[in-house]
$ cat protein-v3.txt   # compact mmCIF, N, CA and C atoms
# COMPACT_ATOMS: atom_id res chain seq x y z
N MET A 1 17.35 -8.45 14.94
CA MET A 1 17.06 -8.94 16.26
C MET A 1 15.55 -8.85 16.50
N ALA A 2 14.97 -9.89 16.98
CA ALA A 2 13.53 -9.92 17.27
C ALA A 2 13.25 -9.31 18.64
N LYS A 3 12.13 -8.66 18.76
CA LYS A 3 11.70 -8.06 20.02
C LYS A 3 10.35 -8.65 20.39
N ARG A 4 10.11 -8.76 21.67
CA ARG A 4 8.83 -9.26 22.18
C ARG A 4 7.91 -8.09 22.44
N LEU A 5 6.64 -8.24 22.08
CA LEU A 5 5.63 -7.21 22.31
C LEU A 5 4.48 -7.84 23.07
N GLN A 6 4.11 -7.23 24.17
CA GLN A 6 2.99 -7.75 24.95
C GLN A 6 1.83 -6.78 24.81
N VAL A 7 0.66 -7.32 24.47
CA VAL A 7 -0.55 -6.52 24.32
C VAL A 7 -1.63 -7.14 25.19
N ILE A 8 -2.26 -6.33 26.00
CA ILE A 8 -3.32 -6.80 26.88
C ILE A 8 -4.66 -6.56 26.18
N LEU A 9 -5.46 -7.62 26.03
CA LEU A 9 -6.78 -7.52 25.41
C LEU A 9 -7.85 -7.99 26.40
N GLN A 10 -9.00 -7.40 26.30
CA GLN A 10 -10.15 -7.90 27.05
C GLN A 10 -10.56 -9.25 26.44
N ASP A 11 -11.20 -10.10 27.23
CA ASP A 11 -11.59 -11.43 26.75
C ASP A 11 -12.37 -11.42 25.44
N PRO A 12 -13.39 -10.57 25.28
CA PRO A 12 -14.14 -10.59 24.02
C PRO A 12 -13.26 -10.23 22.81
N GLU A 13 -12.37 -9.28 23.00
CA GLU A 13 -11.48 -8.87 21.92
C GLU A 13 -10.49 -9.99 21.58
N TYR A 14 -9.98 -10.65 22.61
CA TYR A 14 -9.07 -11.76 22.40
C TYR A 14 -9.75 -12.88 21.61
N ARG A 15 -11.00 -13.18 21.98
CA ARG A 15 -11.73 -14.24 21.28
C ARG A 15 -11.95 -13.87 19.81
N GLU A 16 -12.18 -12.61 19.51
CA GLU A 16 -12.33 -12.18 18.11
C GLU A 16 -11.04 -12.42 17.34
N VAL A 17 -9.93 -12.05 17.94
CA VAL A 17 -8.62 -12.27 17.29
C VAL A 17 -8.38 -13.76 17.11
N GLN A 18 -8.69 -14.53 18.12
CA GLN A 18 -8.51 -15.98 18.06
C GLN A 18 -9.35 -16.58 16.94
N ARG A 19 -10.61 -16.14 16.84
CA ARG A 19 -11.49 -16.63 15.75
C ARG A 19 -10.94 -16.27 14.38
N ALA A 20 -10.48 -15.03 14.24
CA ALA A 20 -9.94 -14.58 12.95
C ALA A 20 -8.71 -15.40 12.57
N ALA A 21 -7.85 -15.67 13.53
CA ALA A 21 -6.64 -16.46 13.26
C ALA A 21 -7.00 -17.88 12.88
N ARG A 22 -7.93 -18.48 13.62
CA ARG A 22 -8.37 -19.85 13.29
C ARG A 22 -8.97 -19.93 11.90
N ALA A 23 -9.76 -18.92 11.53
CA ALA A 23 -10.42 -18.92 10.22
C ALA A 23 -9.38 -18.94 9.10
N ARG A 24 -8.21 -18.37 9.37
CA ARG A 24 -7.14 -18.34 8.36
C ARG A 24 -6.10 -19.44 8.60
N ARG A 25 -6.40 -20.30 9.55
CA ARG A 25 -5.49 -21.40 9.91
C ARG A 25 -4.09 -20.87 10.25
N MET A 26 -4.10 -19.82 11.08
CA MET A 26 -2.86 -19.19 11.51
C MET A 26 -2.81 -19.19 13.02
N SER A 27 -1.61 -19.07 13.55
CA SER A 27 -1.49 -18.85 14.99
C SER A 27 -1.92 -17.41 15.28
N ILE A 28 -2.26 -17.16 16.52
CA ILE A 28 -2.64 -15.80 16.90
C ILE A 28 -1.46 -14.86 16.66
N ALA A 29 -0.25 -15.30 17.00
CA ALA A 29 0.94 -14.45 16.80
C ALA A 29 1.13 -14.10 15.33
N ALA A 30 0.98 -15.09 14.45
CA ALA A 30 1.15 -14.83 13.01
C ALA A 30 0.07 -13.88 12.50
N TRP A 31 -1.16 -14.08 12.99
CA TRP A 31 -2.26 -13.21 12.58
C TRP A 31 -2.00 -11.77 13.02
N VAL A 32 -1.54 -11.60 14.26
CA VAL A 32 -1.25 -10.26 14.78
C VAL A 32 -0.11 -9.62 13.99
N ARG A 33 0.95 -10.39 13.71
CA ARG A 33 2.06 -9.83 12.92
C ARG A 33 1.57 -9.37 11.55
N GLN A 34 0.71 -10.19 10.91
CA GLN A 34 0.17 -9.83 9.60
C GLN A 34 -0.70 -8.57 9.70
N ALA A 35 -1.53 -8.49 10.74
CA ALA A 35 -2.38 -7.31 10.93
C ALA A 35 -1.53 -6.06 11.15
N LEU A 36 -0.46 -6.18 11.93
CA LEU A 36 0.41 -5.03 12.17
C LEU A 36 1.13 -4.61 10.89
N THR A 37 1.55 -5.56 10.08
CA THR A 37 2.20 -5.25 8.80
C THR A 37 1.24 -4.49 7.90
N GLN A 38 0.00 -4.97 7.80
CA GLN A 38 -0.99 -4.29 6.97
C GLN A 38 -1.28 -2.88 7.49
N ALA A 39 -1.35 -2.73 8.79
CA ALA A 39 -1.61 -1.41 9.39
C ALA A 39 -0.45 -0.46 9.08
N ARG A 40 0.79 -0.95 9.19
CA ARG A 40 1.95 -0.10 8.88
C ARG A 40 1.94 0.33 7.43
N ARG A 41 1.60 -0.58 6.53
CA ARG A 41 1.59 -0.26 5.09
C ARG A 41 0.50 0.75 4.73
N SER A 42 -0.57 0.78 5.50
CA SER A 42 -1.65 1.71 5.19
C SER A 42 -1.40 3.10 5.75
N GLU A 43 -0.40 3.23 6.61
CA GLU A 43 -0.05 4.54 7.16
C GLU A 43 0.65 5.37 6.10
N PRO A 44 0.29 6.65 5.98
CA PRO A 44 0.95 7.50 5.00
C PRO A 44 2.42 7.68 5.35
N GLN A 45 3.25 7.73 4.33
CA GLN A 45 4.68 7.93 4.51
C GLN A 45 5.00 9.39 4.19
N GLY A 46 5.68 10.06 5.06
CA GLY A 46 6.06 11.45 4.83
C GLY A 46 4.96 12.40 5.25
N SER A 47 5.32 13.64 5.38
CA SER A 47 4.36 14.64 5.83
C SER A 47 3.51 15.14 4.67
N VAL A 48 2.33 15.61 4.98
CA VAL A 48 1.42 16.16 3.98
C VAL A 48 2.06 17.37 3.32
N GLU A 49 2.72 18.19 4.11
CA GLU A 49 3.35 19.40 3.58
C GLU A 49 4.41 19.06 2.53
N LYS A 50 5.19 18.03 2.81
CA LYS A 50 6.25 17.62 1.88
C LYS A 50 5.65 17.09 0.57
N LYS A 51 4.57 16.34 0.69
CA LYS A 51 3.90 15.81 -0.52
C LYS A 51 3.31 16.94 -1.35
N LEU A 52 2.65 17.89 -0.67
CA LEU A 52 2.06 19.02 -1.39
C LEU A 52 3.14 19.86 -2.07
N ALA A 53 4.27 20.05 -1.42
CA ALA A 53 5.37 20.80 -2.01
C ALA A 53 5.87 20.11 -3.28
N ALA A 54 5.96 18.79 -3.26
CA ALA A 54 6.41 18.05 -4.43
C ALA A 54 5.41 18.19 -5.57
N ILE A 55 4.13 18.14 -5.26
CA ILE A 55 3.09 18.29 -6.29
C ILE A 55 3.13 19.69 -6.88
N ARG A 56 3.27 20.69 -6.01
CA ARG A 56 3.33 22.08 -6.50
C ARG A 56 4.55 22.30 -7.38
N ALA A 57 5.68 21.72 -7.00
CA ALA A 57 6.90 21.85 -7.81
C ALA A 57 6.70 21.20 -9.17
N ALA A 58 6.10 20.04 -9.20
CA ALA A 58 5.87 19.35 -10.48
C ALA A 58 4.88 20.10 -11.34
N ALA A 59 3.91 20.74 -10.73
CA ALA A 59 2.88 21.47 -11.48
C ALA A 59 3.44 22.71 -12.16
N ARG A 60 4.59 23.19 -11.73
CA ARG A 60 5.19 24.37 -12.36
C ARG A 60 5.76 24.07 -13.74
N TYR A 61 6.02 22.82 -14.03
CA TYR A 61 6.59 22.44 -15.32
C TYR A 61 5.50 22.26 -16.35
N GLU A 62 5.81 22.62 -17.58
CA GLU A 62 4.88 22.38 -18.67
C GLU A 62 5.39 21.18 -19.43
N SER A 63 4.57 20.19 -19.54
CA SER A 63 4.95 18.97 -20.25
C SER A 63 3.92 18.69 -21.32
N PRO A 64 4.36 18.10 -22.41
CA PRO A 64 3.37 17.75 -23.44
C PRO A 64 2.44 16.68 -22.89
N THR A 65 1.17 16.87 -23.12
CA THR A 65 0.20 15.89 -22.67
C THR A 65 -0.77 15.58 -23.79
N SER A 66 -1.58 14.61 -23.56
CA SER A 66 -2.58 14.19 -24.53
C SER A 66 -3.73 13.61 -23.74
N ASP A 67 -4.81 13.28 -24.42
CA ASP A 67 -5.88 12.63 -23.69
C ASP A 67 -5.47 11.19 -23.38
N ILE A 68 -6.07 10.60 -22.39
CA ILE A 68 -5.65 9.30 -21.87
C ILE A 68 -5.74 8.19 -22.92
N ASP A 69 -6.78 8.21 -23.76
CA ASP A 69 -6.93 7.16 -24.77
C ASP A 69 -5.78 7.20 -25.78
N THR A 70 -5.39 8.41 -26.19
CA THR A 70 -4.28 8.55 -27.13
C THR A 70 -2.98 8.07 -26.48
N MET A 71 -2.74 8.48 -25.23
CA MET A 71 -1.52 8.06 -24.55
C MET A 71 -1.45 6.55 -24.40
N LEU A 72 -2.56 5.93 -24.02
CA LEU A 72 -2.57 4.47 -23.85
C LEU A 72 -2.34 3.76 -25.17
N ALA A 73 -2.92 4.28 -26.25
CA ALA A 73 -2.72 3.68 -27.58
C ALA A 73 -1.25 3.78 -27.97
N GLU A 74 -0.63 4.92 -27.70
CA GLU A 74 0.79 5.10 -28.03
C GLU A 74 1.67 4.16 -27.20
N ILE A 75 1.32 3.97 -25.95
CA ILE A 75 2.07 3.04 -25.11
C ILE A 75 1.95 1.63 -25.64
N GLU A 76 0.73 1.21 -25.95
CA GLU A 76 0.51 -0.13 -26.50
C GLU A 76 1.26 -0.32 -27.81
N GLN A 77 1.29 0.71 -28.63
CA GLN A 77 1.99 0.62 -29.92
C GLN A 77 3.48 0.38 -29.69
N GLY A 78 4.01 0.94 -28.63
CA GLY A 78 5.41 0.74 -28.31
C GLY A 78 5.75 -0.70 -27.94
N TYR A 79 4.77 -1.49 -27.53
CA TYR A 79 4.99 -2.88 -27.17
C TYR A 79 5.00 -3.80 -28.39
N LEU A 80 4.46 -3.32 -29.50
CA LEU A 80 4.35 -4.15 -30.69
C LEU A 80 5.73 -4.35 -31.32
N PRO A 81 5.96 -5.53 -31.96
CA PRO A 81 7.24 -5.74 -32.64
C PRO A 81 7.36 -4.76 -33.82
N LYS A 82 8.58 -4.32 -34.07
CA LYS A 82 8.83 -3.37 -35.16
C LYS A 82 8.60 -4.05 -36.51
N GLN A 83 7.94 -3.32 -37.39
CA GLN A 83 7.70 -3.82 -38.75
C GLN A 83 8.89 -3.41 -39.62
N SER A 84 9.36 -4.35 -40.49
CA SER A 84 10.49 -3.98 -41.35
C SER A 84 10.06 -3.82 -42.77
$ encode --input "protein-v3.txt" --output "structure tokens"
Amino acid sequence: MAKRLQVILQDPEYREVQRAARARRMSIAAWVRQALTQARRSEPQGSVEKKLAAIRAAARYESPTSDIDTMLAEIEQGYLPKQS
């Protein structure tokens, strides 16, 4: 279900939004929806504490590692067709 959102802007701010929308050949509504979508995506998901707890839990494990160049070479080698 769609919902209506009303936002009050001062004239100079409205003109900036209008210019930005025109520059992209979009309606003001489409430009605002796109801006809101981008803003939502840039917001962090989850709490900082929860993220830090996950990192700390993962850091307790010992895993085999290698330097990045060796790991990338091994990954690339896995993409090559098998030689018979």
$ residues_around --input "protein-v3.txt" --residues "Ser27 in chain A" --least-positions-apart "6" --cutoff "8 Å" --atoms "only N, CA and C atoms" --output "list of chain:residue names"
A:Val17, A:Gln18, A:Ala20, A:Ala21, A:Arg33
$ closest_residue --input "protein-v3.txt" --among "A:Leu52, A:Ala57, A:Ala29, A:Ala23" --to "Arg4 in chain A" --atoms "only C-alpha atoms"
A:Ala29
$ select_by_dssp --input "protein-v3.txt" --residues "chain A" --states "alpha helix (DSSP H)" --output "count of residues only"
52
$ atom_distance --input "protein-v3.txt" --atom1 "CA of Ala30 in chain A" --atom2 "CA of Met1 in chain A"
17.3 Å
$ atom_distance --input "protein-v3.txt" --atom1 "CA of Arg24 in chain A" --atom2 "CA of Thr37 in chain A"
16.1 Å
$ decode --input "protein-v3.txt" --residues "range 67-80 of chain A" --atoms "N, CA and C atoms" --output "PDB file, in the first residue's frame"
ATOM      1  N   ASP A  67      49.033 -14.652   2.959  1.00  0.00           N
ATOM      2  CA  ASP A  67      49.046 -13.266   2.503  1.00  0.00           C
ATOM      3  C   ASP A  67      48.067 -13.118   1.343  1.00  0.00           C
ATOM      4  N   ILE A  68      47.626 -11.922   1.095  1.00  0.00           N
ATOM      5  CA  ILE A  68      46.548 -11.669   0.139  1.00  0.00           C
ATOM      6  C   ILE A  68      46.913 -12.093  -1.283  1.00  0.00           C
ATOM      7  N   ASP A  69      48.170 -11.888  -1.693  1.00  0.00           N
ATOM      8  CA  ASP A  69      48.563 -12.266  -3.055  1.00  0.00           C
ATOM      9  C   ASP A  69      48.470 -13.778  -3.255  1.00  0.00           C
ATOM     10  N   THR A  70      48.897 -14.542  -2.248  1.00  0.00           N
ATOM     11  CA  THR A  70      48.812 -16.002  -2.338  1.00  0.00           C
ATOM     12  C   THR A  70      47.354 -16.444  -2.393  1.00  0.00           C
ATOM     13  N   MET A  71      46.514 -15.862  -1.531  1.00  0.00           N
ATOM     14  CA  MET A  71      45.101 -16.241  -1.527  1.00  0.00           C
ATOM     15  C   MET A  71      44.434 -15.925  -2.856  1.00  0.00           C
ATOM     16  N   LEU A  72      44.716 -14.752  -3.417  1.00  0.00           N
ATOM     17  CA  LEU A  72      44.106 -14.383  -4.701  1.00  0.00           C
ATOM     18  C   LEU A  72      44.573 -15.302  -5.818  1.00  0.00           C
ATOM     19  N   ALA A  73      45.848 -15.673  -5.802  1.00  0.00           N
ATOM     20  CA  ALA A  73      46.375 -16.594  -6.818  1.00  0.00           C
ATOM     21  C   ALA A  73      45.686 -17.946  -6.706  1.00  0.00           C
ATOM     22  N   GLU A  74      45.483 -18.424  -5.479  1.00  0.00           N
ATOM     23  CA  GLU A  74      44.807 -19.712  -5.282  1.00  0.00           C
ATOM     24  C   GLU A  74      43.350 -19.643  -5.740  1.00  0.00           C
ATOM     25  N   ILE A  75      42.702 -18.530  -5.490  1.00  0.00           N
ATOM     26  CA  ILE A  75      41.318 -18.363  -5.947  1.00  0.00           C
ATOM     27  C   ILE A  75      41.268 -18.382  -7.460  1.00  0.00           C
ATOM     28  N   GLU A  76      42.138 -17.625  -8.105  1.00  0.00           N
ATOM     29  CA  GLU A  76      42.181 -17.592  -9.571  1.00  0.00           C
ATOM     30  C   GLU A  76      42.472 -18.973 -10.138  1.00  0.00           C
ATOM     31  N   GLN A  77      43.345 -19.708  -9.493  1.00  0.00           N
ATOM     32  CA  GLN A  77      43.689 -21.055  -9.964  1.00  0.00           C
ATOM     33  C   GLN A  77      42.458 -21.954  -9.935  1.00  0.00           C
ATOM     34  N   GLY A  78      41.595 -21.742  -8.968  1.00  0.00           N
ATOM     35  CA  GLY A  78      40.376 -22.520  -8.875  1.00  0.00           C
ATOM     36  C   GLY A  78      39.407 -22.273 -10.026  1.00  0.00           C
ATOM     37  N   TYR A  79      39.527 -21.153 -10.713  1.00  0.00           N
ATOM     38  CA  TYR A  79      38.663 -20.837 -11.842  1.00  0.00           C
ATOM     39  C   TYR A  79      39.143 -21.487 -13.135  1.00  0.00           C
ATOM     40  N   LEU A  80      40.394 -21.906 -13.164  1.00  0.00           N
ATOM     41  CA  LEU A  80      40.956 -22.469 -14.384  1.00  0.00           C
ATOM     42  C   LEU A  80      40.377 -23.853 -14.645  1.00  0.00           C
TER      43      LEU A  80
END
